[in-house]
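Engineer: The structure follows.
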Amino acid sequence: MKIITVEDQLQGAQIAVAKIKKILSHKPGVFGLATGSSPLEIYRQLSQSKLDFSNSISINLDEYVGLAPNHPQSYHYFMKQNLFNNKQFLHSYIPDGLNPNAQEVENEYEQIIKDHPIDLQILGIGQNGHIGFNEPLTSFDSRTHQVALTKSTIDANARFFDNADEVPKYAYSMGIGTIMKAKEIVFVAYGEKKAKAVHQMIDGPVTIDVPASVLQTHPNVTVIIDHKAGALLK
Ligand code: F6R
């Protein structure tokens with residue numbers, strides 16, 4: 001793992017964008033994308049850049065089950081708002097949250113990734129070390145699968161919904177094995193809330209208790225963190 005400590009998200013995003021630019025200078029790319037706050041500045045800089053994604057493909061990590069693409073809490077909506085409204089890809093794949101047939105979604109998504117091996121995957125980390133929706137104890141071999149959200153995640157999400165019944169109980173997520181197939185991974189984490197997870201991921205043992213620790217075994221990972229997220233590193 002190559003660890004780069006940056007002053008702020010602006011600088012972190014510049015490094016990530018330069019890596020994306022390098023891939024695009026050779027060929028159209030296949031980019032694995034994450035949602036959440038950590039990659040937002042990357043998407044803002046990409047949106048404002050002159051980079052052309054019209055022959056490239058994007059493949060998102062995850063989506064809630066049961067949310068329509070135009071639901072403001074769906075990851076389809078997030079990606080539209082933060083990137084796709086500004087940058088059109090040849091194809092943008094996000095798991096189909098409206099398909100209740102998990103097996104079908106899993107098979108289709110794995111096939112998409114097989115057909116379009118990911119050149120560069122952007123990853124964030126949860127405070128418990130999760131990557132994608134892969135919570136602690138998820139197998140390192142896991143492929144795209146349906147995840148039952150934990151009660152704490154469901155409760156935390158409730159504030160974004162008018163009605164408790166609307167809060168998603170499940171999500172579809174690339175598995176850890178799927179993520180590990182990406183040729184290159186650009187990991188971003190900022191702020192003190194991520195310090196413990198980043199420390200466990202880098203300094204701790206490779207264990208399913210900390211899903212992100214699997215990245216120690218990937219041949220091409222760049223870890224971009226600010227001083228706060230790196231505060232507990234040895
Ligand atoms: C999002 C995803 C999640 C987030 C993680 C960090 O697609 O897969 O694993 O990357 O929860 O979220 P933020 O960046 O909001 O702290």
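Residue numbering restarts at 1 for every chain of the structure tokens, chains are lettered A, B, ... in their displayed order, and ligands are numbered from 1 as they appear.
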Please check which protein, DNA or RNA residues sit within 6 Å of ligand 1, counting only C-alpha atoms and all ligand atoms, and write them as a PyMOL selection string.
Structural biologist: chain A and resi 34-38+61-62+123-126+130-133
Engineer: Please provide as a PyMOL selection string all residues within 8 Å of region 147-154 of chain A, with the sequence filter that same-chain residues fewer than 5 positions apart are discarded (counting only C-alpha atoms).
Structural biologist: chain A and resi 133-134+167-173
Engineer: For those residues, write N, CA and C atoms to a file as a compact mmCIF listing (two decimals), in the first residue's frame.
Structural biologist:
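So again.txt came out as:
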# COMPACT_ATOMS: atom_id res chain seq x y z
N PHE A 133 -20.79 -2.30 1.04
CA PHE A 133 -21.67 -2.61 2.17
C PHE A 133 -21.20 -3.87 2.87
N ASN A 134 -19.93 -4.20 2.71
CA ASN A 134 -19.38 -5.41 3.31
C ASN A 134 -18.97 -5.13 4.75
N VAL A 167 -37.59 2.95 4.88
CA VAL A 167 -36.14 2.82 5.10
C VAL A 167 -35.67 1.46 4.60
N PRO A 168 -34.70 1.43 3.70
CA PRO A 168 -34.27 0.14 3.15
C PRO A 168 -33.73 -0.78 4.24
N LYS A 169 -34.05 -2.06 4.11
CA LYS A 169 -33.55 -3.07 5.07
C LYS A 169 -32.41 -3.87 4.43
N TYR A 170 -32.29 -3.75 3.12
CA TYR A 170 -31.28 -4.52 2.40
C TYR A 170 -30.57 -3.63 1.39
N ALA A 171 -29.40 -4.07 0.99
CA ALA A 171 -28.68 -3.39 -0.09
C ALA A 171 -28.03 -4.46 -0.96
N TYR A 172 -27.72 -4.10 -2.20
CA TYR A 172 -26.87 -4.95 -3.03
C TYR A 172 -25.48 -4.33 -3.03
N SER A 173 -24.48 -5.17 -2.88
CA SER A 173 -23.11 -4.65 -2.85
C SER A 173 -22.16 -5.58 -3.59
Engineer: Using only C-alpha atoms, pick whichever of A:Leu40, A:Val30, A:Ile185, A:Ala197 has the shortest atom-to-atom distance to Ile118 (chain A).
Structural biologist: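 Closest candidate: A:Val30.
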Engineer: May I have a table of the residues of region 32-91 of chain A lying at most 10 Å from region 14-22 of chain A, giving each one's closest pair of atoms and their distance in Å to one decimal, counting only C-alpha atoms, ordered by chain and ascending residue number, as CSV?
Structural biologist:
residue,atom,partner,partner_atom,distance
A:Pro39,CA,A:Ala16,CA,9.3
A:Glu41,CA,A:Gln14,CA,8.8
A:Ile42,CA,A:Val17,CA,6.5
A:Tyr43,CA,A:Val17,CA,8.8
A:Gln45,CA,A:Val17,CA,7.4
A:Leu46,CA,A:Val17,CA,6.8
A:Ser49,CA,A:Val17,CA,9.3
A:Leu51,CA,A:Lys21,CA,7.2
A:Asp52,CA,A:Lys21,CA,9.5
Engineer: Suppose we keep C-alpha atoms; can you now write the selection as a CSV table (one decimal), in the first residue's frame?
Structural biologist:
chain,number,residue,atom,x,y,z
A,39,PRO,CA,-15.3,10.9,-2.9
A,41,GLU,CA,-14.5,16.3,-4.0
A,42,ILE,CA,-13.2,13.9,-6.6
A,43,TYR,CA,-16.5,14.0,-8.4
A,45,GLN,CA,-13.2,18.1,-9.7
A,46,LEU,CA,-14.0,15.5,-12.4
A,49,SER,CA,-12.5,19.0,-15.7
A,51,LEU,CA,-12.0,14.8,-19.1
A,52,ASP,CA,-14.0,12.9,-21.6
Engineer: Give me, as number ranges by chain, the residues of region 97-230 of chain A that a backbone DSSP run labels helix (DSSP H, G or I).
Structural biologist: A: 102-115, 151-160, 164-166, 176-180, 192-203, 211-217
Engineer: Grab the residues selected above and save them as a short mmCIF file (atom, residue, chain, number, x, y, z; two decimals), in the first residue's frame with N, CA and C atoms.
Structural biologist:
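In the end it all went to again07.cif:
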data_model
loop_
_atom_site.label_atom_id
_atom_site.label_comp_id
_atom_site.auth_asym_id
_atom_site.auth_seq_id
_atom_site.Cartn_x
_atom_site.Cartn_y
_atom_site.Cartn_z
N ALA A 102 -32.65 -11.24 -5.94
CA ALA A 102 -31.24 -11.01 -5.58
C ALA A 102 -30.29 -11.83 -6.45
N GLN A 103 -30.66 -13.08 -6.67
CA GLN A 103 -29.79 -13.97 -7.45
C GLN A 103 -29.53 -13.39 -8.84
N GLU A 104 -30.60 -12.85 -9.43
CA GLU A 104 -30.48 -12.28 -10.76
C GLU A 104 -29.55 -11.05 -10.75
N VAL A 105 -29.76 -10.19 -9.75
CA VAL A 105 -28.91 -8.99 -9.64
C VAL A 105 -27.45 -9.40 -9.46
N GLU A 106 -27.23 -10.38 -8.60
CA GLU A 106 -25.86 -10.82 -8.31
C GLU A 106 -25.17 -11.36 -9.57
N ASN A 107 -25.90 -12.23 -10.27
CA ASN A 107 -25.31 -12.83 -11.48
C ASN A 107 -25.05 -11.78 -12.55
N GLU A 108 -26.04 -10.91 -12.76
CA GLU A 108 -25.89 -9.89 -13.79
C GLU A 108 -24.71 -8.97 -13.48
N TYR A 109 -24.61 -8.56 -12.22
CA TYR A 109 -23.56 -7.59 -11.87
C TYR A 109 -22.18 -8.22 -11.98
N GLU A 110 -22.07 -9.46 -11.54
CA GLU A 110 -20.77 -10.14 -11.67
C GLU A 110 -20.37 -10.29 -13.14
N GLN A 111 -21.38 -10.55 -13.99
CA GLN A 111 -21.10 -10.69 -15.42
C GLN A 111 -20.61 -9.36 -16.00
N ILE A 112 -21.26 -8.27 -15.57
CA ILE A 112 -20.87 -6.94 -16.05
C ILE A 112 -19.40 -6.68 -15.69
N ILE A 113 -19.03 -7.03 -14.47
CA ILE A 113 -17.66 -6.75 -14.01
C ILE A 113 -16.66 -7.69 -14.70
N LYS A 114 -17.10 -8.90 -15.00
CA LYS A 114 -16.25 -9.83 -15.75
C LYS A 114 -16.00 -9.28 -17.16
N ASP A 115 -17.07 -8.75 -17.77
CA ASP A 115 -16.96 -8.21 -19.13
C ASP A 115 -16.16 -6.90 -19.16
N LYS A 151 -29.16 -3.02 12.28
CA LYS A 151 -30.18 -2.17 12.89
C LYS A 151 -29.66 -0.73 13.05
N SER A 152 -28.38 -0.62 13.39
CA SER A 152 -27.83 0.73 13.60
C SER A 152 -27.82 1.52 12.28
N THR A 153 -27.54 0.84 11.17
CA THR A 153 -27.57 1.53 9.87
C THR A 153 -28.99 1.93 9.52
N ILE A 154 -29.95 1.02 9.75
CA ILE A 154 -31.35 1.31 9.44
C ILE A 154 -31.82 2.49 10.29
N ASP A 155 -31.48 2.47 11.58
CA ASP A 155 -31.90 3.57 12.47
C ASP A 155 -31.25 4.89 12.04
N ALA A 156 -29.98 4.82 11.64
CA ALA A 156 -29.28 6.04 11.23
C ALA A 156 -29.89 6.61 9.95
N ASN A 157 -30.39 5.73 9.09
CA ASN A 157 -30.97 6.18 7.82
C ASN A 157 -32.38 6.74 7.98
N ALA A 158 -33.04 6.38 9.09
CA ALA A 158 -34.47 6.70 9.24
C ALA A 158 -34.75 8.20 9.08
N ARG A 159 -33.78 9.02 9.48
CA ARG A 159 -34.02 10.47 9.43
C ARG A 159 -34.17 10.99 7.99
N PHE A 160 -33.72 10.22 7.03
CA PHE A 160 -33.81 10.67 5.64
C PHE A 160 -35.13 10.29 4.98
N ALA A 164 -41.08 5.25 8.30
CA ALA A 164 -40.13 4.22 8.73
C ALA A 164 -40.14 3.00 7.79
N ASP A 165 -41.32 2.71 7.20
CA ASP A 165 -41.42 1.54 6.31
C ASP A 165 -40.58 1.72 5.05
N GLU A 166 -40.32 2.96 4.71
CA GLU A 166 -39.57 3.24 3.48
C GLU A 166 -38.07 2.99 3.64
N ILE A 176 -16.31 -8.46 -1.37
CA ILE A 176 -14.90 -8.11 -1.15
C ILE A 176 -14.03 -8.74 -2.25
N GLY A 177 -14.37 -9.97 -2.63
CA GLY A 177 -13.63 -10.63 -3.71
C GLY A 177 -13.77 -9.87 -5.02
N THR A 178 -14.96 -9.31 -5.24
CA THR A 178 -15.19 -8.52 -6.46
C THR A 178 -14.31 -7.27 -6.44
N ILE A 179 -14.32 -6.58 -5.33
CA ILE A 179 -13.55 -5.33 -5.20
C ILE A 179 -12.05 -5.61 -5.40
N MET A 180 -11.59 -6.73 -4.86
CA MET A 180 -10.17 -7.06 -4.93
C MET A 180 -9.69 -7.36 -6.35
N GLU A 192 -11.23 12.60 11.84
CA GLU A 192 -10.83 11.78 12.99
C GLU A 192 -11.74 10.57 13.18
N LYS A 193 -12.97 10.65 12.68
CA LYS A 193 -13.89 9.51 12.85
C LYS A 193 -13.38 8.27 12.12
N LYS A 194 -12.50 8.46 11.15
CA LYS A 194 -11.98 7.33 10.38
C LYS A 194 -10.64 6.82 10.91
N ALA A 195 -10.08 7.52 11.92
CA ALA A 195 -8.71 7.22 12.36
C ALA A 195 -8.55 5.77 12.83
N LYS A 196 -9.50 5.29 13.62
CA LYS A 196 -9.37 3.93 14.17
C LYS A 196 -9.45 2.90 13.05
N ALA A 197 -10.41 3.08 12.15
CA ALA A 197 -10.57 2.11 11.06
C ALA A 197 -9.33 2.11 10.15
N VAL A 198 -8.78 3.29 9.89
CA VAL A 198 -7.59 3.40 9.03
C VAL A 198 -6.39 2.72 9.71
N HIS A 199 -6.27 2.93 11.00
CA HIS A 199 -5.19 2.29 11.77
C HIS A 199 -5.32 0.77 11.70
N GLN A 200 -6.54 0.27 11.94
CA GLN A 200 -6.75 -1.19 11.90
C GLN A 200 -6.49 -1.75 10.51
N MET A 201 -6.90 -0.99 9.51
CA MET A 201 -6.75 -1.44 8.12
C MET A 201 -5.27 -1.56 7.73
N ILE A 202 -4.44 -0.62 8.20
CA ILE A 202 -3.04 -0.57 7.76
C ILE A 202 -2.09 -1.28 8.73
N ASP A 203 -2.28 -1.06 10.03
CA ASP A 203 -1.34 -1.60 11.01
C ASP A 203 -1.77 -2.94 11.59
N PRO A 211 -12.97 -5.52 7.36
CA PRO A 211 -12.98 -5.84 5.92
C PRO A 211 -11.89 -5.12 5.12
N ALA A 212 -11.65 -3.84 5.43
CA ALA A 212 -10.67 -3.08 4.64
C ALA A 212 -9.24 -3.59 4.81
N SER A 213 -8.99 -4.39 5.84
CA SER A 213 -7.62 -4.90 6.03
C SER A 213 -7.20 -5.80 4.88
N VAL A 214 -8.16 -6.32 4.12
CA VAL A 214 -7.85 -7.16 2.97
C VAL A 214 -7.02 -6.38 1.94
N LEU A 215 -7.12 -5.06 1.98
CA LEU A 215 -6.40 -4.24 1.00
C LEU A 215 -4.88 -4.39 1.15
N GLN A 216 -4.44 -4.83 2.33
CA GLN A 216 -2.99 -5.07 2.51
C GLN A 216 -2.49 -6.11 1.52
N THR A 217 -3.38 -6.95 1.02
CA THR A 217 -2.96 -8.04 0.12
C THR A 217 -3.17 -7.68 -1.35
#
Engineer: Which residues are close to region 219-233 of chain A, i.e. within 6 Å by only C-alpha atoms, leaving aside same-chain residues fewer than 2 positions away? Reply as a ChimeraX atom specification.
Structural biologist: /A:1-8,184-192,194-195,199
Engineer: Can you check which residues of region 16-173 of chain A DSSP gives as strand (DSSP E) on the backbone and send them as a VMD selection string?
Structural biologist: chain A and resid 30 to 33 57 to 60 62 to 64 91 to 93 120 to 123 145 to 148 170 to 173
Engineer: Go ahead and write the residues just picked, N, CA and C atoms, as a short mmCIF file (atom, residue, chain, number, x, y, z; two decimals), in the first residue's frame.
Structural biologist:
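Writing the result to part-v1.cif gives the following:
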data_model
loop_
_atom_site.label_atom_id
_atom_site.label_comp_id
_atom_site.auth_asym_id
_atom_site.auth_seq_id
_atom_site.Cartn_x
_atom_site.Cartn_y
_atom_site.Cartn_z
N VAL A 30 -12.44 1.75 -17.23
CA VAL A 30 -13.56 1.22 -16.45
C VAL A 30 -13.31 1.66 -15.01
N PHE A 31 -14.21 2.48 -14.49
CA PHE A 31 -13.99 3.08 -13.18
C PHE A 31 -15.02 2.57 -12.18
N GLY A 32 -14.53 2.03 -11.08
CA GLY A 32 -15.40 1.61 -9.99
C GLY A 32 -15.64 2.80 -9.08
N LEU A 33 -16.90 3.08 -8.80
CA LEU A 33 -17.21 4.31 -8.06
C LEU A 33 -17.90 4.00 -6.73
N ILE A 57 -16.55 3.46 -18.89
CA ILE A 57 -17.64 2.78 -18.18
C ILE A 57 -17.48 3.02 -16.69
N SER A 58 -18.59 3.22 -16.00
CA SER A 58 -18.53 3.30 -14.54
C SER A 58 -19.36 2.17 -13.95
N ILE A 59 -18.87 1.67 -12.84
CA ILE A 59 -19.57 0.57 -12.15
C ILE A 59 -19.57 0.91 -10.66
N ASN A 60 -20.75 1.16 -10.12
CA ASN A 60 -20.81 1.54 -8.70
C ASN A 60 -20.76 0.33 -7.77
N ASP A 62 -22.48 -0.16 -4.91
CA ASP A 62 -23.66 -0.64 -4.17
C ASP A 62 -24.90 0.21 -4.40
N GLU A 63 -26.02 -0.32 -3.95
CA GLU A 63 -27.31 0.38 -4.03
C GLU A 63 -28.27 -0.23 -3.01
N TYR A 64 -29.17 0.58 -2.50
CA TYR A 64 -30.20 0.08 -1.59
C TYR A 64 -31.23 -0.73 -2.37
N HIS A 91 -21.47 3.70 -20.52
CA HIS A 91 -22.45 2.99 -19.70
C HIS A 91 -22.12 3.25 -18.23
N SER A 92 -23.14 3.47 -17.44
CA SER A 92 -22.95 3.58 -15.99
C SER A 92 -23.78 2.49 -15.33
N TYR A 93 -23.12 1.60 -14.65
CA TYR A 93 -23.83 0.49 -13.99
C TYR A 93 -23.90 0.73 -12.49
N LEU A 120 -9.75 1.10 -12.21
CA LEU A 120 -9.47 1.86 -10.98
C LEU A 120 -10.74 1.92 -10.15
N GLN A 121 -10.63 1.49 -8.92
CA GLN A 121 -11.78 1.49 -8.01
C GLN A 121 -11.56 2.56 -6.93
N ILE A 122 -12.53 3.45 -6.79
CA ILE A 122 -12.49 4.43 -5.70
C ILE A 122 -13.19 3.80 -4.49
N LEU A 123 -12.54 3.88 -3.34
CA LEU A 123 -13.10 3.26 -2.14
C LEU A 123 -13.08 4.19 -0.96
N HIS A 145 -23.59 -9.40 -3.71
CA HIS A 145 -24.59 -10.11 -2.91
C HIS A 145 -25.54 -9.12 -2.24
N GLN A 146 -26.64 -9.70 -1.75
CA GLN A 146 -27.59 -8.89 -1.00
C GLN A 146 -27.16 -8.86 0.46
N VAL A 147 -27.16 -7.67 1.05
CA VAL A 147 -26.71 -7.50 2.42
C VAL A 147 -27.91 -7.06 3.27
N ALA A 148 -28.08 -7.70 4.41
CA ALA A 148 -29.09 -7.22 5.36
C ALA A 148 -28.45 -6.09 6.16
N TYR A 170 -32.29 -3.75 3.12
CA TYR A 170 -31.28 -4.52 2.40
C TYR A 170 -30.57 -3.63 1.39
N ALA A 171 -29.40 -4.07 0.99
CA ALA A 171 -28.68 -3.39 -0.09
C ALA A 171 -28.03 -4.46 -0.96
N TYR A 172 -27.72 -4.10 -2.20
CA TYR A 172 -26.87 -4.95 -3.03
C TYR A 172 -25.48 -4.33 -3.03
N SER A 173 -24.48 -5.17 -2.88
CA SER A 173 -23.11 -4.65 -2.85
C SER A 173 -22.16 -5.58 -3.59
#
Engineer: CA of Gly29 (chain A) to CA of Lys183 (chain A): how many Å, to one decimal?
Structural biologist: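 So the answer is 11.3 Å.
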Engineer: CA of Ser25 (chain A) to CA of Pro95 (chain A): how many Å, to one decimal?
Structural biologist: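 Interatomic distance here is 28.3 Å.
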Engineer: From the list A:Asn99, A:Thr207, A:Asn82, A:Asn55, which residue is nearest Ser139 (chain A) when using only C-alpha atoms?
Structural biologist: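 Going through A:Asn99, A:Thr207, A:Asn82, A:Asn55 one by one, the smallest distance to Ser139 (chain A) is for A:Thr207.
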